[in-house]
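**Student:** What follows is the file target-v8.txt, containing compact mmCIF, C-alpha atoms:
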# COMPACT_ATOMS: atom_id res chain seq x y z
CA MET A 14 -4.37 -13.98 -33.54
CA ALA A 15 -2.44 -13.37 -30.32
CA GLU A 16 -4.11 -11.29 -27.63
CA ALA A 17 -2.80 -7.76 -27.15
CA PRO A 18 -0.71 -7.38 -23.98
CA ARG A 19 -2.68 -6.07 -21.04
CA LYS A 20 -2.25 -2.45 -20.04
CA VAL A 21 -0.92 -1.74 -16.55
CA VAL A 22 -1.05 1.87 -15.37
CA LEU A 23 1.25 2.70 -12.47
CA VAL A 24 0.56 6.01 -10.73
CA GLY A 25 3.44 7.44 -8.71
CA VAL A 26 7.06 6.38 -9.29
CA GLY A 27 8.60 7.40 -5.98
CA ALA A 28 9.98 5.05 -3.33
CA LEU A 29 7.33 2.38 -3.82
CA GLY A 30 6.32 2.74 -7.48
CA SER A 31 9.83 2.94 -8.89
CA HIS A 32 10.75 -0.38 -7.27
CA VAL A 33 7.45 -2.05 -8.23
CA LEU A 34 8.27 -1.17 -11.82
CA LEU A 35 11.76 -2.57 -11.41
CA PHE A 36 10.40 -5.87 -10.08
CA GLY A 37 7.69 -6.04 -12.75
CA ARG A 38 9.96 -5.35 -15.69
CA ASN A 39 9.57 -8.84 -17.15
CA TRP A 40 5.76 -8.87 -17.16
CA PRO A 41 4.19 -9.35 -20.60
CA VAL A 42 2.23 -6.10 -20.35
CA ARG A 43 2.20 -2.54 -21.66
CA PHE A 44 3.24 -0.17 -18.87
CA THR A 45 2.04 3.40 -18.57
CA VAL A 46 3.69 5.38 -15.76
CA ILE A 47 2.23 8.62 -14.42
CA ASP A 48 4.08 11.10 -12.21
CA PHE A 49 4.29 14.90 -12.29
CA ASP A 50 7.16 15.17 -9.80
CA ARG A 51 10.84 15.64 -10.50
CA VAL A 52 13.79 13.62 -9.26
CA GLU A 53 15.64 15.37 -6.44
CA GLN A 54 19.06 14.55 -5.09
CA LYS A 55 17.56 13.21 -1.85
CA ASN A 56 15.36 10.77 -3.81
CA VAL A 57 18.23 8.65 -5.07
CA MET A 58 18.80 7.09 -1.64
CA ALA A 59 15.29 5.63 -1.31
CA GLN A 60 13.93 5.46 -4.85
CA PHE A 61 14.98 3.64 -8.03
CA HIS A 62 16.20 6.89 -9.54
CA SER A 63 19.83 7.70 -10.22
CA LYS A 64 21.95 10.83 -10.20
CA MET A 65 21.58 10.88 -13.98
CA GLY A 66 17.87 11.51 -13.48
CA VAL A 67 18.16 14.39 -11.01
CA GLY A 68 16.18 17.37 -12.24
CA ARG A 69 14.14 15.31 -14.71
CA ASN A 70 10.51 14.32 -14.48
CA LYS A 71 10.25 11.01 -12.57
CA ALA A 72 8.11 9.24 -15.18
CA SER A 73 10.45 10.30 -17.99
CA ALA A 74 13.53 9.40 -15.94
CA MET A 75 12.10 5.90 -15.33
CA GLN A 76 11.33 5.53 -19.01
CA GLN A 77 14.92 6.35 -19.93
CA ALA A 78 16.41 4.18 -17.18
CA LEU A 79 14.37 1.08 -18.08
CA GLN A 80 15.10 1.54 -21.77
CA GLY A 81 18.81 1.95 -21.12
CA LEU A 82 19.22 -0.81 -18.54
CA TYR A 83 16.82 -3.45 -19.84
CA GLY A 84 15.60 -2.39 -23.27
CA LEU A 85 12.11 -2.08 -21.79
CA ARG A 86 9.80 0.44 -23.44
CA ILE A 87 7.15 2.08 -21.29
CA GLU A 88 4.83 5.02 -21.82
CA ALA A 89 5.66 7.96 -19.56
CA VAL A 90 3.07 10.58 -18.60
CA PRO A 91 4.77 13.57 -16.91
CA HIS A 92 1.57 15.04 -15.49
CA ARG A 93 -0.28 15.16 -12.19
CA LEU A 94 -3.35 12.91 -12.15
CA VAL A 95 -6.33 15.23 -11.63
CA GLU A 96 -10.06 15.19 -12.13
CA ASP A 97 -9.75 16.73 -15.60
CA ASN A 98 -7.44 14.03 -16.99
CA VAL A 99 -8.18 10.89 -14.96
CA GLN A 100 -10.62 9.60 -17.57
CA THR A 101 -8.01 9.93 -20.32
CA LEU A 102 -4.97 8.75 -18.37
CA LEU A 103 -6.55 5.63 -16.85
CA SER A 104 -8.52 4.80 -19.99
CA GLY A 105 -8.12 1.24 -21.22
CA ALA A 106 -6.26 0.08 -18.12
CA ASP A 107 -6.57 -3.62 -17.25
CA LEU A 108 -4.85 -3.01 -13.92
CA VAL A 109 -4.05 0.15 -11.96
CA LEU A 110 -1.21 0.21 -9.42
CA ASP A 111 -1.63 3.02 -6.90
CA CYS A 112 1.74 4.05 -5.49
CA VAL A 113 1.00 7.70 -4.73
CA ASP A 114 1.65 9.52 -1.45
CA ASN A 115 -1.52 11.52 -0.90
CA ALA A 116 -5.16 10.84 -0.09
CA PRO A 117 -6.79 13.14 -2.69
CA THR A 118 -5.08 11.34 -5.60
CA ARG A 119 -5.87 7.95 -4.07
CA ASP A 120 -9.52 9.01 -3.77
CA LEU A 121 -9.53 10.08 -7.42
CA ILE A 122 -8.06 6.73 -8.50
CA GLN A 123 -10.59 4.84 -6.39
CA GLN A 124 -13.54 6.75 -7.81
CA HIS A 125 -12.41 5.98 -11.35
CA VAL A 126 -11.59 2.28 -10.92
CA ARG A 127 -14.85 1.66 -9.06
CA ALA A 128 -16.90 3.46 -11.70
CA HIS A 129 -15.24 1.46 -14.49
CA ASP A 130 -14.76 -1.85 -12.66
CA ILE A 131 -10.97 -1.83 -13.10
CA PRO A 132 -8.86 -3.95 -10.73
CA CYS A 133 -6.66 -1.71 -8.59
CA LEU A 134 -3.87 -2.63 -6.18
CA HIS A 135 -2.88 -0.01 -3.60
CA GLY A 136 0.45 0.25 -1.82
CA ALA A 137 1.06 2.48 1.23
CA ILE A 138 3.83 2.76 3.81
CA ALA A 139 3.90 4.41 7.26
CA ALA A 140 6.12 7.49 7.40
CA ASP A 141 8.49 5.86 9.91
CA GLY A 142 8.89 2.70 7.84
CA SER A 143 7.35 0.50 10.55
CA TYR A 144 4.32 -0.75 8.66
CA ALA A 145 2.81 -1.00 5.16
CA ARG A 146 -0.29 -2.15 3.30
CA VAL A 147 -0.65 -3.90 -0.06
CA MET A 148 -4.38 -4.06 -0.64
CA TRP A 149 -6.82 -4.52 -3.47
CA ASP A 150 -9.66 -2.14 -3.94
CA PRO A 151 -12.22 -1.80 -2.41
CA GLN A 152 -10.65 -2.99 0.89
CA PHE A 153 -8.22 -0.07 0.89
CA THR A 154 -8.98 3.24 2.57
CA ALA A 155 -6.73 6.25 2.03
CA ASP A 156 -5.10 7.91 5.05
CA ASP A 157 -4.30 11.54 5.60
CA GLY A 158 -0.94 12.54 7.05
CA SER A 159 0.17 11.67 10.56
CA LYS A 160 0.75 14.75 12.70
CA GLY A 161 4.40 15.49 13.38
CA VAL A 162 5.70 12.50 11.44
CA ALA A 163 7.99 13.31 8.54
CA THR A 164 9.03 10.78 5.95
CA CYS A 165 12.63 9.70 6.27
CA GLU A 166 14.32 10.24 2.90
CA ASP A 167 17.89 9.19 3.63
CA GLY A 168 17.39 5.60 2.57
CA GLU A 169 17.18 4.21 6.11
CA HIS A 170 14.03 2.30 5.19
CA LEU A 171 15.20 1.08 1.80
CA PRO A 172 15.21 -2.63 2.75
CA PHE A 173 11.60 -2.34 4.00
CA ILE A 174 10.62 -0.41 0.87
CA ALA A 175 12.13 -3.25 -1.18
CA LEU A 176 10.12 -5.78 0.85
CA VAL A 177 6.87 -3.90 0.33
CA SER A 178 7.42 -3.16 -3.35
CA GLY A 179 8.48 -6.75 -3.94
CA ARG A 180 5.30 -7.96 -2.27
CA MET A 181 3.23 -5.52 -4.31
CA ALA A 182 4.87 -6.70 -7.54
CA MET A 183 4.34 -10.34 -6.57
CA THR A 184 0.69 -9.68 -5.71
CA ALA A 185 0.09 -7.98 -9.06
CA GLN A 186 1.97 -10.73 -10.89
CA THR A 187 -0.18 -13.39 -9.19
CA TRP A 188 -3.28 -11.54 -10.36
CA LEU A 189 -1.93 -11.30 -13.90
CA GLN A 190 -1.27 -15.04 -13.93
CA THR A 191 -4.24 -16.41 -11.99
CA GLY A 192 -6.76 -13.65 -11.30
CA ARG A 193 -6.37 -14.19 -7.54
CA GLN A 194 -6.46 -11.13 -5.32
CA ARG A 195 -4.76 -11.35 -1.93
CA SER A 196 -4.16 -8.33 0.30
CA CYS A 197 -1.79 -8.07 3.24
CA HIS A 198 -0.28 -5.92 5.94
CA LEU A 199 3.50 -5.84 6.28
CA HIS A 200 5.84 -4.87 9.08
CA PRO A 201 9.59 -5.42 9.38
CA GLY A 202 8.98 -8.68 11.24
CA GLY A 203 6.56 -10.32 8.85
CA ILE A 204 3.41 -10.33 6.74
CA VAL A 205 -0.24 -10.66 7.80
CA GLU A 206 -2.61 -11.87 5.08
CA ILE A 207 -5.92 -10.06 4.96
CA MET B 24 -6.99 -17.89 19.43
CA ASN B 25 -8.99 -20.70 17.84
CA GLN B 26 -11.00 -19.14 15.02
CA ARG B 27 -13.91 -21.48 15.83
CA MET B 28 -14.21 -19.69 19.16
CA ILE B 29 -14.87 -16.34 17.48
CA GLY B 30 -18.63 -15.82 17.38
CA ALA B 31 -20.45 -14.11 14.52
CA SER B 32 -20.66 -10.85 16.44
CA GLN B 33 -17.05 -11.05 17.62
CA ALA B 34 -13.76 -10.33 15.86
CA ARG B 35 -10.06 -11.09 16.04
CA LEU B 36 -8.17 -7.90 16.92
CA ASN B 37 -4.76 -7.50 15.29
CA ILE B 38 -2.47 -4.74 16.54
CA THR B 39 0.58 -3.20 14.86
CA TRP B 40 2.86 -1.17 17.10
CA ASP B 41 6.42 0.02 16.60
CA GLY B 42 7.09 -2.37 13.74
CA GLN B 43 5.72 -5.36 15.65
CA ASN B 44 2.44 -7.15 15.20
CA GLY B 45 0.18 -9.55 17.09
CA ASP B 46 -3.38 -10.63 17.86
CA LEU B 47 -5.16 -9.90 21.11
CA PRO B 48 -5.65 -13.29 22.84
CA ASP B 49 -9.39 -12.69 23.31
CA SER B 50 -11.97 -11.78 20.70
CA VAL B 51 -13.75 -8.41 20.88
CA PRO B 52 -17.17 -7.22 19.66
CA PHE B 53 -17.00 -6.47 15.93
CA ASP B 54 -19.28 -3.46 16.31
CA ALA B 55 -17.24 -1.81 19.09
CA SER B 56 -16.45 1.85 18.50
CA ASP B 57 -13.04 2.99 17.30
CA ALA B 58 -12.46 4.64 20.67
CA GLU B 59 -13.26 1.42 22.55
CA ILE B 60 -10.99 -0.63 20.31
CA LYS B 61 -8.12 1.83 20.70
CA ALA B 62 -8.59 1.84 24.47
CA TRP B 63 -8.51 -1.97 24.69
CA ALA B 64 -5.52 -2.17 22.37
CA SER B 65 -3.64 0.53 24.32
CA GLU B 66 -4.20 -1.26 27.61
CA ALA B 67 -3.05 -4.54 26.13
CA LEU B 68 0.10 -2.95 24.71
CA ARG B 69 0.95 -1.18 27.95
CA GLY B 70 0.50 -4.38 29.94
CA GLY B 71 2.43 -6.57 27.52
CA GLY B 72 -0.72 -8.46 26.62
CA VAL B 73 -0.21 -8.72 22.88
CA PRO B 74 1.80 -11.81 21.94
CA GLY B 75 4.61 -10.84 19.60
CA VAL B 76 4.67 -7.19 20.66
CA THR B 77 7.04 -5.89 23.34
CA ALA B 78 5.23 -4.17 26.23
CA ALA B 79 5.01 -0.43 25.59
CA ARG B 80 4.16 1.60 28.69
CA ARG B 81 3.64 4.76 26.63
CA ALA B 82 1.62 3.22 23.82
CA ASP B 83 -0.60 5.91 22.30
CA LEU B 84 -2.97 4.92 19.49
CA GLN B 85 -4.75 8.27 19.11
CA ASP B 86 -3.48 8.80 15.56
CA PHE B 87 -3.95 5.15 14.53
CA VAL B 88 -6.63 3.75 12.22
CA ILE B 89 -9.12 0.90 12.70
CA ASP B 90 -9.78 -1.30 9.66
CA ARG B 91 -12.80 -3.61 9.77
CA PHE B 92 -13.06 -6.71 7.61
CA PRO B 93 -16.20 -8.87 7.87
CA ALA B 94 -15.91 -12.65 7.59
CA THR B 95 -15.56 -14.11 4.10
CA ASP B 96 -15.45 -17.60 2.64
CA GLU B 97 -11.65 -17.55 2.86
CA MET B 98 -11.50 -15.89 6.31
CA PRO B 99 -14.55 -17.22 8.20
CA TYR B 100 -14.39 -14.75 11.08
CA ASN B 101 -14.48 -10.98 11.47
CA ARG B 102 -11.20 -9.12 11.81
CA LEU B 103 -10.24 -5.75 13.21
CA PHE B 104 -6.86 -4.16 12.58
CA VAL B 105 -5.33 -1.35 14.63
CA ARG B 106 -2.59 0.16 12.51
CA PRO B 107 -0.52 3.31 11.94
CA LYS B 108 -1.43 5.67 9.13
CA THR B 109 0.46 5.18 5.88
CA PRO B 110 1.42 8.55 4.41
CA PHE B 111 4.99 7.69 3.35
CA GLY B 112 6.27 10.38 1.02
CA ILE B 113 4.09 13.21 2.32
CA GLN B 114 6.04 16.16 3.67
CA CYS B 115 4.03 16.48 6.85
CA GLY B 116 6.67 17.09 9.49
Kindly present the structure from the file in structure tokens form.

**Tutor:**
Amino acid sequence: MAEAPRKVVLVGVGALGSHVLLFGRNWPVRFTVIDFDRVEQKNVMAQFHSKMGVGRNKASAMQQALQGLYGLRIEAVPHRLVEDNVQTLLSGADLVLDCVDNAPTRDLIQQHVRAHDIPCLHGAIAADGSYARVMWDPQFTADDGSKGVATCEDGEHLPFIALVSGRMAMTAQTWLQTGRQRSCHLHPGGIVEI
Amino acid sequence: MNQRMIGASQARLNITWDGQNGDLPDSVPFDASDAEIKAWASEALRGGGVPGVTAARRADLQDFVIDRFPATDEMPYNRLFVRPKTPFGIQCG
């Protein structure tokens, strides 16, 4: 009897997560995507969301886009990941991909994956698009916000976002294929292996 | 820096600044405080002493983070990373 496909839970389908999903669309896995947020007009310049998705929940919009473009079926969870539902929403995950934008949710994910020994790959980008991290737990530490630094949302950093999300997808794919975990730092000029 | 020259109590110091990245030519004590590491890194940046990173007279690492990674089988020497915070997506302006 063939093994059931592994379950990959991706939390946060904004700039990073939406592109990781795009680059991982041919993986032989079951995807669950969690995001409470809604697609805004400004998002379409830096995220893999289209004008057709504006106003919709991001997880549901991704579900519809991937079904329509590639025939890929994913499970969409249009809720915020919180203490009351983390047990249910991350249950049965073989891999968690953390693509969220805030430290409290990252902390919640870390607590759960550590308690249940679930592999977790974190992705995080500096607000000015000058630096990023793709790191396996437990090497990763969540940051709070940088004072006075707002995230650019006009798509200026889209090529760097593509680089980081591509690296994150490749890192997860390598783990799916070989079990190897390699973390790295990225900046526009190159990659530093951890 | 030859990794064989990095003693067990020392570390390679990697610095990211303004989208550029490089290692300090000399090793530093692995157990140095965050403040000491930021001070050394700032001085090196201001003086153009980080290969691969353009000299930055106004380099300010106050809001940066220090990551510490002990030696492993794959990376047989301690490493310190001075890096920006990574809150992309947060509305914190």

**Student:** Take CA of Arg93 (chain A) and CA of Gln194 (chain A) and report the distance between them in Å, one decimal.

**Tutor:**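 So the two atoms, CA of Arg93 (chain A) and CA of Gln194 (chain A), lie 27.9 Å apart.
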
**Student:** Please, which residues in chain B fall within 10 Å of chain A when counting only C-alpha atoms, and what is the closest atom pair and distance in Å to one decimal for each, ordered by chain then residue number, as a Markdown table?

**Tutor:**
| residue | atom | partner | partner_atom | distance |
| --- | --- | --- | --- | --- |
| B:Asn37 | CA | A:Val205 | CA | 9.3 |
| B:Thr39 | CA | A:Tyr144 | CA | 7.6 |
| B:Trp40 | CA | A:Ser143 | CA | 8.1 |
| B:Asp41 | CA | A:Ser143 | CA | 6.1 |
| B:Gly42 | CA | A:Ser143 | CA | 4.3 |
| B:Gln43 | CA | A:Gly202 | CA | 6.4 |
| B:Asn44 | CA | A:His200 | CA | 7.4 |
| B:Gly45 | CA | A:Val205 | CA | 9.4 |
| B:Gly75 | CA | A:Gly202 | CA | 9.7 |
| B:Asp86 | CA | A:Ser159 | CA | 6.8 |
| B:Phe87 | CA | A:Ser159 | CA | 8.7 |
| B:Val88 | CA | A:Asp156 | CA | 8.4 |
| B:Asp90 | CA | A:Thr154 | CA | 8.5 |
| B:Arg91 | CA | A:Gln152 | CA | 9.2 |
| B:Phe92 | CA | A:Gln152 | CA | 8.1 |
| B:Glu97 | CA | A:Ile207 | CA | 9.7 |
| B:Met98 | CA | A:Ile207 | CA | 8.2 |
| B:Arg102 | CA | A:Ile207 | CA | 8.7 |
| B:Phe104 | CA | A:His198 | CA | 9.5 |
| B:Arg106 | CA | A:Tyr144 | CA | 8.0 |
| B:Pro107 | CA | A:Ala139 | CA | 6.5 |
| B:Lys108 | CA | A:Ala139 | CA | 5.8 |
| B:Thr109 | CA | A:Ala139 | CA | 3.8 |
| B:Pro110 | CA | A:Gly158 | CA | 5.3 |
| B:Phe111 | CA | A:Ala140 | CA | 4.2 |
| B:Gly112 | CA | A:Asp114 | CA | 5.3 |
| B:Ile113 | CA | A:Asp114 | CA | 5.8 |
| B:Gln114 | CA | A:Ala163 | CA | 6.0 |
| B:Cys115 | CA | A:Ala163 | CA | 5.3 |
| B:Gly116 | CA | A:Ala163 | CA | 4.1 |

**Student:** Calculate how many Å separate CA of Ser32 (chain B) from CA of His135 (chain A), rounding to one decimal.

**Tutor:**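 Separation between CA of Ser32 (chain B) and CA of His135 (chain A): 28.9 Å.
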
**Student:** If I put a ball of radius 9 Å at (-15.1, -10.4, 14.6) in the file's coordinates, which residues poke into it when counting only C-alpha atoms, written as a PyMOL selection string?

**Tutor:** chain B and resi 29-36+50-54+91-94+100-103

**Student:** Ala64 (chain B): which residues within 8 Å, counting all atoms listed in the file, same-chain residues fewer than 6 positions away excluded, as a PyMOL selection string?

**Tutor:** chain B and resi 38+47+105

**Student:** With all atoms listed in the file as the basis for distance, which of A:Leu34, A:Met148, A:Ala15, A:Val22 is at the shortest distance from Ala175 (chain A)?

**Tutor:**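 Checking each of A:Leu34, A:Met148, A:Ala15, A:Val22 against Ala175 (chain A), counting all atoms listed in the file, the winner is A:Leu34.
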
**Student:** If you count all atoms listed in the file, which residues fall within 7 Å of region 69-76 of chain A, apart from same-chain ones fewer than 6 positions away, as a ChimeraX atom specification?

**Tutor:** /A:26,46-52,86-87,89-91

**Student:** Work out how far apart CA of Gly30 (chain A) and CA of Cys112 (chain A) are and give it in Å to one decimal.

**Tutor:**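 These atoms are spaced 5.2 Å apart.
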
**Student:** Show me the residues close to (1.1, -15.2, -14.5) - anything with an atom within 12 Å, counting only C-alpha atoms - and format the list as a CSV table (one decimal) with C-alpha atoms, keeping the file's coordinate frame.

**Tutor:**
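The new file result_33.csv reads:
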chain,number,residue,atom,x,y,z
A,19,ARG,CA,-2.7,-6.1,-21.0
A,37,GLY,CA,7.7,-6.0,-12.8
A,39,ASN,CA,9.6,-8.8,-17.2
A,40,TRP,CA,5.8,-8.9,-17.2
A,41,PRO,CA,4.2,-9.4,-20.6
A,42,VAL,CA,2.2,-6.1,-20.4
A,182,ALA,CA,4.9,-6.7,-7.5
A,183,MET,CA,4.3,-10.3,-6.6
A,184,THR,CA,0.7,-9.7,-5.7
A,185,ALA,CA,0.1,-8.0,-9.1
A,186,GLN,CA,2.0,-10.7,-10.9
A,187,THR,CA,-0.2,-13.4,-9.2
A,188,TRP,CA,-3.3,-11.5,-10.4
A,189,LEU,CA,-1.9,-11.3,-13.9
A,190,GLN,CA,-1.3,-15.0,-13.9
A,191,THR,CA,-4.2,-16.4,-12.0
A,192,GLY,CA,-6.8,-13.6,-11.3
A,193,ARG,CA,-6.4,-14.2,-7.5

**Student:** Ranking B:Ile89, B:Ala79, B:Val73, B:Met28 by minimum distance to Lys61 (chain B) and counting all atoms listed in the file, which one comes first?

**Tutor:** B:Ile89
